[in-house]
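The next block holds one structure in the form of structure tokens; read it before the comments.
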2 protein chains.
Amino acid sequence: MTVTLADVAARAGVSAATVSRVLNGNYPVAAGTRGRVLRAVEELEYVVNGPASALAAASSDLVGILVNDIADPFFGILAGAVQTELSGASGPGGEKLAVVCNTGGSPERELTYLTLLQRQRAAGVVLTGSASEDPAHARALAAGLVRLSGAGTRVVLCGRPVQEAGAEPESGVEPKSGAPLTALAFDNRGGAQRLTGHLIALGHRRIGCVAGPAGRTTTAERLAGHRAALAEHGIEDPPRRVVHGAYDRGSGYDAAVELLRRDSELTAVVAANDTAALGVCAALRDRGLRVPEDVSVAGFDDLPFSADAAPALTTVRLPLAEAGARAGRLVTGREERPPGGLATLPAELMVRGSTSVRYP
Amino acid sequence: MTVTLADVAARAGVSAATVSRVLNGNYPVAAGTRGRVLRAVEELEYVVNGPASALAAASSDLVGILVNDIADPFFGILAGAVQTELSGASGPGGEKLAVVCNTGGSPERELTYLTLLQRQRAAGVVLTGSASEDPAHARALAAGLVRLSGAGTRVVLCGRPVQEAGAEPESGVEPKSGAPLTALAFDNRGGAQRLTGHLIALGHRRIGCVAGPAGRTTTAERLAGHRAALAEHGIEDPPRRVVHGAYDRGSGYDAAVELLRRDSELTAVVAANDTAALGVCAALRDRGLRVPEDVSVAGFDDLPFSADAAPALTTVRLPLAEAGARAGRLVTGREERPPGGLATLPAELMVRGSTSVRYP
DNA sequence: CTGTTAGCGCCTTCAG
DNA sequence: CTGAAGGCGCTAACAG
């Protein structure tokens with residue numbers, strides 16, 4: 001059968017407790033003893049039984065990372081950064097196993113994964129990306145997070161709205177153990193506002209908006225920023241200038257076609273993200289319109305390929321890698337939570353070739 | 001403290017064994033009893049203790065997916081497909097927790113994750129992408145895989161060379177329990193050969209090659225296909241026409257610059273993948289060369305953005321989503337392993353705008 | 001510094 | 001169909 005701690009102990013001529021101690025290194029052990037134990041481990045090819053140790057210690061080395069779409073580089077970069085940070089965590093707690101869970105944006109699957117992670121007694125959970133705005137789901141999720149953090153799991157929100165971080169005080173349930181929720185938010189609203197402001201400064205007045213999926217927090221934030229910029233300059237903003245769609249190229253393409261159908265005089269389009277923006281560009285090209293001469297186009301996120309598109313995309317840079325790394329440190333307790341449990345990360349306007357002054 | 005099985009049993013007025021049975025559903029239980037138990041579970045918000053059950057049952061519901069770079073859509077699509085397939089696995093074994101592990105292409109981290117997964121007594125492991133060709137690492141990896149599958153973990157290779165699948169017979173160690181390794185390979189060689197063949201048919205003779213990272217199986221396979229096509233047509237193939245680089249845009253850019261420096265008369269370039277191809281295009285543009293009029297460029301993988309590039313990329317389509325889904329079914333035992341444990345998936349040439357006949 | 005002694009929470013025979 | 005009992009492999013006090 002499989003090798004157990006006892007086998008190693010017997011081989012090394014010590015007790016199981018001693019083996020456990022050298023393996024976990026949280027306790028003084030004589031150098032000679034340690035050497036013999038380590039040798040026995042090698043010889044027997046012993047591999048710790050995770051479940052058993054998790055059971056006994058009432059904790060595991062699993063950290064869950066929930067993402068909306070693992071095939072989207074936005075989440076890939078975020079998750080990769082978290083994971084890198086966790087592997088480097090040879091400090092307290094040792095090596096953590098980062099578990100990336102793909103929710104597909106479905107609130108149900110989000111809850112399912114939360115339960116699965118709680119079942120594994122995960123050490124921490126990082127929730128990334130936008131959340132559903134549906135009140136029922138928001139409540140269920142908040143309850144789930146309270147349960148989790150009550151069970152001692154560290155919870156970090158990354159790129160999610162603040163409200164959830166405050167869910168626990170409102171609920172009146174004070175988690176006994178474990179830290180309260182911590183949130184890292186992106187300045188989606190400010191970034192969107194500056195982006196649309198940039199287009200306005202270039203002389204654009206008829207600006208189409210390909211908003212993200214309806215009913216999602218990120219969509220709402222970016223749309224609010226866009227509208228704030230228009231309002232600020234007293235530009236009218238009829239509902240027909242906004243179309244919702246997913247964060248993919250096809251949606252961007254379709255949305256652009258629809259926007260042009262509604263108003264063929266558009267001179268600029270802001271997209272939900274960079275990927276959708278490329279779809280918008282494709283749709284424009286197919287209709288014989290040039291970017292940016294005829295229509296300016298802007299994206300959001302500044303993913304790596306955006307700089308390489310032709311023309312290079314004007315967009316809003318989000319510090320994804322930094323956010324992921326910080327979330328990783330927070331979830332392992334290697335960084336103190338920011339005051340109030342919330343930190344907002346800046347969004348930087350990146351002006352490139354896809355936007356230009358309006359040629360009337 | 002946390003709710004346990006015993007609490008639920010007490011609440012429902014039955015024994016712990018009965019609760020366990022209704023929860024696992026592998027055993028006949030009276031409908032009335034089941035109802036009461038389920039109600040008690042609801043009321044107490046009971047969540048199974050994964051480690052405890054894994055310990056007792058000597059198995060867990062974790063499935064690991066190893067990828068080289070989670071920020072690369074190539075792996076995102078693959079991993080997403082595996083994970084989707086696993087969530088749908090409400091059949092035997094129930095819901096599985098898919099764990100995506102980012103190795104960064106490092107053989108050491110690959111081994112580390114394998115151990116971590118073995119420690120968790122993972123139900124299965126899917127290894128994706130290219131492997132290191134270093135003999136020492138190959139041996140260590142093969143040994144690790146034998147250990148894993150010997151411990152009852154299902155192992156599936158996806159996009160990896162065959163040799164590893166055969167490691168276990170050679171090693172002479174017959175895994176007692178668990179299925180032997182299964183491999184899903186991409187026809188990298190054939191795809192590359194057809195791609196270069198296509199360029200040759202268009203009249204190109206001086207074809208630069210931006211190969212992937214050195215010492216990796218996928219790189220070797222694609223390069224072999226490229227060379228086979230050249231040899232087939234009696235075209236000379238000096239070493240200076242090949243430059244190695246990573247799978248990112250920057251590497252593609254740099255490699256293209258280097259290739260042009262070595263031979264400014266190149267009329268075509270095949271890149272390691274689509275991302276690198278975009279970098280190549282950028283480098284060419286920066287040097288005042290047009291694609292495809294002056295230089296044809298081709299990628300590999302056919303990631304979503306490739307069709308949207310300007311010009312759209314000629315490339316080789318790999319059935320990533322299908323491969324991932326199939327790997328998911330294989331690793332859960334819901335699909336029979338192919339004869340010989342190996343299936344090769346086709347690579348399809350996609351001709352688009354970035355390649356054209358050579359204008360001499 | 002090291003051994004001994006109890007469980008951690010659940011699954012799984014074995015009776016009933 | 002259900003209960004009782006033992007142990008999965010490890011860790012965490014206690015003693016020494």
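Going by the structure tokens order, chains are called A, B, ..., each with residues numbered from 1, while ligands are numbered from 1 in the order shown.
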Fill in: Neighbours of chain C in chain A at 9 Å, counting only C-alpha atoms (C1' of nucleotides), as a ChimeraX atom specification
/A:14-18,28-30,52,54-58
Fill in: DSSP strand (DSSP E) residues within range 1-249 of chain A, as a ChimeraX atom specification
/A:62-67,97-102,124-128,154-158,182-186,207-211,242-244
Go ahead and save the picked residues with C-alpha atoms, as a PDB file, in the first residue's frame.
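As a result, selection03.pdb now contains:
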ATOM      1  CA  LEU A  62      -5.648  25.194  -0.881  1.00  0.00           C
ATOM      2  CA  VAL A  63      -6.422  28.681  -2.130  1.00  0.00           C
ATOM      3  CA  GLY A  64      -9.256  29.118  -4.590  1.00  0.00           C
ATOM      4  CA  ILE A  65      -9.291  31.731  -7.327  1.00  0.00           C
ATOM      5  CA  LEU A  66     -12.675  32.301  -8.937  1.00  0.00           C
ATOM      6  CA  VAL A  67     -12.681  33.753 -12.426  1.00  0.00           C
ATOM      7  CA  LEU A  97      -1.938  25.040  -3.990  1.00  0.00           C
ATOM      8  CA  ALA A  98      -3.727  27.658  -6.048  1.00  0.00           C
ATOM      9  CA  VAL A  99      -6.949  26.388  -7.530  1.00  0.00           C
ATOM     10  CA  VAL A 100      -8.347  28.354 -10.417  1.00  0.00           C
ATOM     11  CA  CYS A 101     -12.103  27.891 -10.763  1.00  0.00           C
ATOM     12  CA  ASN A 102     -13.949  28.920 -13.877  1.00  0.00           C
ATOM     13  CA  GLY A 124      -8.295  31.371   1.240  1.00  0.00           C
ATOM     14  CA  VAL A 125     -10.437  32.441  -1.682  1.00  0.00           C
ATOM     15  CA  VAL A 126      -9.935  35.217  -4.207  1.00  0.00           C
ATOM     16  CA  LEU A 127     -12.996  36.294  -6.159  1.00  0.00           C
ATOM     17  CA  THR A 128     -12.164  38.200  -9.301  1.00  0.00           C
ATOM     18  CA  ARG A 154      -9.440  34.382   4.135  1.00  0.00           C
ATOM     19  CA  VAL A 155     -11.518  36.064   1.460  1.00  0.00           C
ATOM     20  CA  VAL A 156     -10.251  38.691  -0.967  1.00  0.00           C
ATOM     21  CA  LEU A 157     -12.312  40.393  -3.644  1.00  0.00           C
ATOM     22  CA  CYS A 158     -10.374  41.589  -6.663  1.00  0.00           C
ATOM     23  CA  THR A 182     -10.815  42.543   1.933  1.00  0.00           C
ATOM     24  CA  ALA A 183     -11.513  44.202  -1.385  1.00  0.00           C
ATOM     25  CA  LEU A 184      -9.269  45.416  -4.189  1.00  0.00           C
ATOM     26  CA  ALA A 185     -11.282  47.493  -6.625  1.00  0.00           C
ATOM     27  CA  PHE A 186     -10.387  48.900 -10.027  1.00  0.00           C
ATOM     28  CA  ILE A 207     -20.062  58.427 -29.263  1.00  0.00           C
ATOM     29  CA  GLY A 208     -21.449  54.906 -29.383  1.00  0.00           C
ATOM     30  CA  CYS A 209     -20.990  52.653 -26.407  1.00  0.00           C
ATOM     31  CA  VAL A 210     -20.610  48.898 -26.499  1.00  0.00           C
ATOM     32  CA  ALA A 211     -21.300  48.169 -22.846  1.00  0.00           C
ATOM     33  CA  VAL A 242     -25.634  52.086 -25.917  1.00  0.00           C
ATOM     34  CA  VAL A 243     -25.666  48.379 -26.763  1.00  0.00           C
ATOM     35  CA  HIS A 244     -24.883  45.568 -24.337  1.00  0.00           C
TER      36      HIS A 244
END
Please tabulate, as CSV, the residues of chain A that come within 7 Å of chain B, each with its closest pair of atoms and the distance in Å to one decimal, counting only C-alpha atoms and ordering rows by chain, then residue number upward.
residue,atom,partner,partner_atom,distance
A:Val47,CA,B:Arg119,CA,5.9
A:Val48,CA,B:Arg119,CA,5.4
A:Asn49,CA,B:Arg119,CA,5.0
A:Gly50,CA,B:Gln120,CA,4.7
A:Pro51,CA,B:Pro51,CA,4.1
A:Ala52,CA,B:Leu55,CA,5.5
A:Ala54,CA,B:Pro51,CA,5.9
A:Leu55,CA,B:Pro51,CA,5.5
A:Ile70,CA,B:Gly76,CA,5.2
A:Ala71,CA,B:Gly76,CA,3.9
A:Asp72,CA,B:Pro73,CA,6.5
A:Pro73,CA,B:Ala71,CA,5.3
A:Gly76,CA,B:Ala71,CA,3.9
A:Ile77,CA,B:Ala71,CA,4.8
A:Gly80,CA,B:Ile70,CA,5.9
A:Ala98,CA,B:Cys101,CA,6.7
A:Val99,CA,B:Val99,CA,4.5
A:Val100,CA,B:Val100,CA,5.0
A:Cys101,CA,B:Ala98,CA,6.7
A:Asn102,CA,B:Gly80,CA,6.9
A:Arg119,CA,B:Gly50,CA,4.9
A:Gln120,CA,B:Gly50,CA,4.7
A:Leu278,CA,B:Asp308,CA,6.8
A:Ala282,CA,B:Asp308,CA,6.6
A:Asp308,CA,B:Ala282,CA,6.7
A:Ala309,CA,B:Ala309,CA,6.7
A:Ala310,CA,B:Ala310,CA,6.1
Writing out the chosen residues with N, CA and C atoms as a PDB file, in the first residue's frame:
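Saved file result.pdb follows:
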ATOM      1  N   VAL A  47       5.020  10.604   0.401  1.00  0.00           N
ATOM      2  CA  VAL A  47       4.295  11.827   0.075  1.00  0.00           C
ATOM      3  C   VAL A  47       3.204  12.007   1.127  1.00  0.00           C
ATOM      4  N   VAL A  48       3.223  13.175   1.760  1.00  0.00           N
ATOM      5  CA  VAL A  48       2.241  13.451   2.811  1.00  0.00           C
ATOM      6  C   VAL A  48       0.824  13.212   2.310  1.00  0.00           C
ATOM      7  N   ASN A  49      -0.022  12.740   3.185  1.00  0.00           N
ATOM      8  CA  ASN A  49      -1.422  12.597   2.854  1.00  0.00           C
ATOM      9  C   ASN A  49      -2.122  13.898   3.231  1.00  0.00           C
ATOM     10  N   GLY A  50      -2.397  14.711   2.212  1.00  0.00           N
ATOM     11  CA  GLY A  50      -3.000  16.025   2.437  1.00  0.00           C
ATOM     12  C   GLY A  50      -4.299  15.988   3.221  1.00  0.00           C
ATOM     13  N   PRO A  51      -5.248  15.190   2.788  1.00  0.00           N
ATOM     14  CA  PRO A  51      -6.515  15.134   3.514  1.00  0.00           C
ATOM     15  C   PRO A  51      -6.325  14.806   4.985  1.00  0.00           C
ATOM     16  N   ALA A  52      -5.467  13.847   5.275  1.00  0.00           N
ATOM     17  CA  ALA A  52      -5.273  13.457   6.663  1.00  0.00           C
ATOM     18  C   ALA A  52      -4.705  14.616   7.470  1.00  0.00           C
ATOM     19  N   ALA A  54      -4.886  17.760   6.716  1.00  0.00           N
ATOM     20  CA  ALA A  54      -5.870  18.838   6.778  1.00  0.00           C
ATOM     21  C   ALA A  54      -6.896  18.535   7.857  1.00  0.00           C
ATOM     22  N   LEU A  55      -7.254  17.278   7.947  1.00  0.00           N
ATOM     23  CA  LEU A  55      -8.243  16.885   8.952  1.00  0.00           C
ATOM     24  C   LEU A  55      -7.694  17.122  10.355  1.00  0.00           C
ATOM     25  N   ILE A  70     -11.816  31.750 -17.872  1.00  0.00           N
ATOM     26  CA  ILE A  70     -10.395  31.437 -17.834  1.00  0.00           C
ATOM     27  C   ILE A  70      -9.742  31.588 -19.196  1.00  0.00           C
ATOM     28  N   ALA A  71     -10.531  31.594 -20.253  1.00  0.00           N
ATOM     29  CA  ALA A  71      -9.969  31.725 -21.592  1.00  0.00           C
ATOM     30  C   ALA A  71      -9.703  33.191 -21.937  1.00  0.00           C
ATOM     31  N   ASP A  72     -10.151  34.083 -21.075  1.00  0.00           N
ATOM     32  CA  ASP A  72      -9.947  35.510 -21.295  1.00  0.00           C
ATOM     33  C   ASP A  72      -8.650  35.923 -20.598  1.00  0.00           C
ATOM     34  N   PRO A  73      -7.708  36.482 -21.363  1.00  0.00           N
ATOM     35  CA  PRO A  73      -6.417  36.858 -20.783  1.00  0.00           C
ATOM     36  C   PRO A  73      -6.550  37.793 -19.582  1.00  0.00           C
ATOM     37  N   GLY A  76      -6.669  35.476 -16.980  1.00  0.00           N
ATOM     38  CA  GLY A  76      -5.457  34.676 -16.977  1.00  0.00           C
ATOM     39  C   GLY A  76      -4.314  35.428 -16.325  1.00  0.00           C
ATOM     40  N   ILE A  77      -4.190  36.688 -16.657  1.00  0.00           N
ATOM     41  CA  ILE A  77      -3.122  37.497 -16.087  1.00  0.00           C
ATOM     42  C   ILE A  77      -3.325  37.653 -14.583  1.00  0.00           C
ATOM     43  N   GLY A  80      -2.765  34.259 -12.908  1.00  0.00           N
ATOM     44  CA  GLY A  80      -1.352  33.902 -12.952  1.00  0.00           C
ATOM     45  C   GLY A  80      -0.562  34.663 -11.907  1.00  0.00           C
ATOM     46  N   ALA A  98      -2.738  26.727  -5.516  1.00  0.00           N
ATOM     47  CA  ALA A  98      -3.727  27.658  -6.048  1.00  0.00           C
ATOM     48  C   ALA A  98      -4.654  26.927  -6.998  1.00  0.00           C
ATOM     49  N   VAL A  99      -5.922  27.074  -6.779  1.00  0.00           N
ATOM     50  CA  VAL A  99      -6.949  26.388  -7.530  1.00  0.00           C
ATOM     51  C   VAL A  99      -7.732  27.422  -8.316  1.00  0.00           C
ATOM     52  N   VAL A 100      -7.600  27.393  -9.623  1.00  0.00           N
ATOM     53  CA  VAL A 100      -8.347  28.354 -10.417  1.00  0.00           C
ATOM     54  C   VAL A 100      -9.688  27.743 -10.818  1.00  0.00           C
ATOM     55  N   CYS A 101     -10.766  28.407 -10.467  1.00  0.00           N
ATOM     56  CA  CYS A 101     -12.103  27.891 -10.763  1.00  0.00           C
ATOM     57  C   CYS A 101     -12.826  28.797 -11.750  1.00  0.00           C
ATOM     58  N   ASN A 102     -13.324  28.197 -12.788  1.00  0.00           N
ATOM     59  CA  ASN A 102     -13.949  28.920 -13.877  1.00  0.00           C
ATOM     60  C   ASN A 102     -15.468  28.968 -13.694  1.00  0.00           C
ATOM     61  N   ARG A 119     -15.811  23.103   1.551  1.00  0.00           N
ATOM     62  CA  ARG A 119     -15.736  21.682   1.864  1.00  0.00           C
ATOM     63  C   ARG A 119     -14.282  21.254   1.997  1.00  0.00           C
ATOM     64  N   GLN A 120     -13.423  21.821   1.172  1.00  0.00           N
ATOM     65  CA  GLN A 120     -12.006  21.474   1.235  1.00  0.00           C
ATOM     66  C   GLN A 120     -11.297  22.234   2.343  1.00  0.00           C
ATOM     67  N   LEU A 278     -11.720  45.137 -30.741  1.00  0.00           N
ATOM     68  CA  LEU A 278     -11.199  44.586 -31.991  1.00  0.00           C
ATOM     69  C   LEU A 278     -12.357  44.146 -32.889  1.00  0.00           C
ATOM     70  N   ALA A 282     -13.253  45.474 -36.647  1.00  0.00           N
ATOM     71  CA  ALA A 282     -13.501  44.571 -37.764  1.00  0.00           C
ATOM     72  C   ALA A 282     -14.810  44.934 -38.460  1.00  0.00           C
ATOM     73  N   ASP A 308      -0.547  45.796 -30.097  1.00  0.00           N
ATOM     74  CA  ASP A 308      -0.136  45.205 -31.366  1.00  0.00           C
ATOM     75  C   ASP A 308      -1.188  45.226 -32.445  1.00  0.00           C
ATOM     76  N   ALA A 309      -2.365  45.646 -32.076  1.00  0.00           N
ATOM     77  CA  ALA A 309      -3.419  45.697 -33.081  1.00  0.00           C
ATOM     78  C   ALA A 309      -3.073  46.787 -34.091  1.00  0.00           C
ATOM     79  N   ALA A 310      -3.748  46.735 -35.233  1.00  0.00           N
ATOM     80  CA  ALA A 310      -3.511  47.754 -36.246  1.00  0.00           C
ATOM     81  C   ALA A 310      -4.821  48.466 -36.531  1.00  0.00           C
TER      82      ALA A 310
END
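Taking CA of Val291 in chain A and CA of Ser354 in chain A as the two end points, the separation is 6.0 Å.
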Discussion item. So the first atom is CA of Gly324 in chain B and the second is CA of Arg337 in chain B; what is the distance between them in Å, to one decimal place?
Written reply: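 Separation between CA of Gly324 in chain B and CA of Arg337 in chain B: 14.4 Å.
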Worksheet item: If we count only C-alpha atoms (C1' of nucleotides), which residues of chain D reach to within 8 Å of chain B? Please list them as a count of residues only.
Response: 5
Discussion item. Could you list, as an NGL selection string, every residue within 9 Å of range 220-227 of chain B, counting only C-alpha atoms (C1' of nucleotides) and ignoring same-chain residues fewer than 4 positions away?
Written reply: :B and (161 or 187-197 or 209 or 211-212 or 214-216 or 231-232 or 237 or 270 or 272)
Residues from last step as file, C-alpha atoms, as an mmCIF file, in the first residue's frame:
data_model
loop_
_atom_site.group_PDB
_atom_site.id
_atom_site.type_symbol
_atom_site.label_atom_id
_atom_site.label_comp_id
_atom_site.auth_asym_id
_atom_site.auth_seq_id
_atom_site.Cartn_x
_atom_site.Cartn_y
_atom_site.Cartn_z
ATOM 1 C CA PRO B 161 4.419 13.826 -27.014
ATOM 2 C CA ASP B 187 -0.477 16.839 -35.106
ATOM 3 C CA ASN B 188 2.050 19.637 -34.745
ATOM 4 C CA ARG B 189 4.426 18.133 -37.224
ATOM 5 C CA GLY B 190 1.831 17.587 -39.932
ATOM 6 C CA GLY B 191 0.312 21.009 -39.397
ATOM 7 C CA ALA B 192 3.664 22.748 -39.648
ATOM 8 C CA GLN B 193 4.532 20.777 -42.739
ATOM 9 C CA ARG B 194 1.326 21.759 -44.494
ATOM 10 C CA LEU B 195 1.774 25.368 -43.458
ATOM 11 C CA THR B 196 5.258 25.658 -44.873
ATOM 12 C CA GLY B 197 4.107 23.643 -47.882
ATOM 13 C CA CYS B 209 11.237 30.514 -38.932
ATOM 14 C CA ALA B 211 10.635 28.632 -33.565
ATOM 15 C CA GLY B 212 9.316 28.311 -30.028
ATOM 16 C CA ALA B 214 14.395 25.601 -27.387
ATOM 17 C CA GLY B 215 14.406 22.219 -25.704
ATOM 18 C CA ARG B 216 10.658 21.762 -25.783
ATOM 19 C CA ALA B 231 13.312 19.072 -47.744
ATOM 20 C CA GLU B 232 10.398 17.702 -49.690
ATOM 21 C CA ASP B 237 17.553 25.389 -45.114
ATOM 22 C CA VAL B 270 6.397 31.220 -40.026
ATOM 23 C CA ALA B 272 5.903 29.734 -33.260
#
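Note that the spacing between CA of Met350 in chain B and CA of Glu293 in chain B amounts to 18.6 Å.
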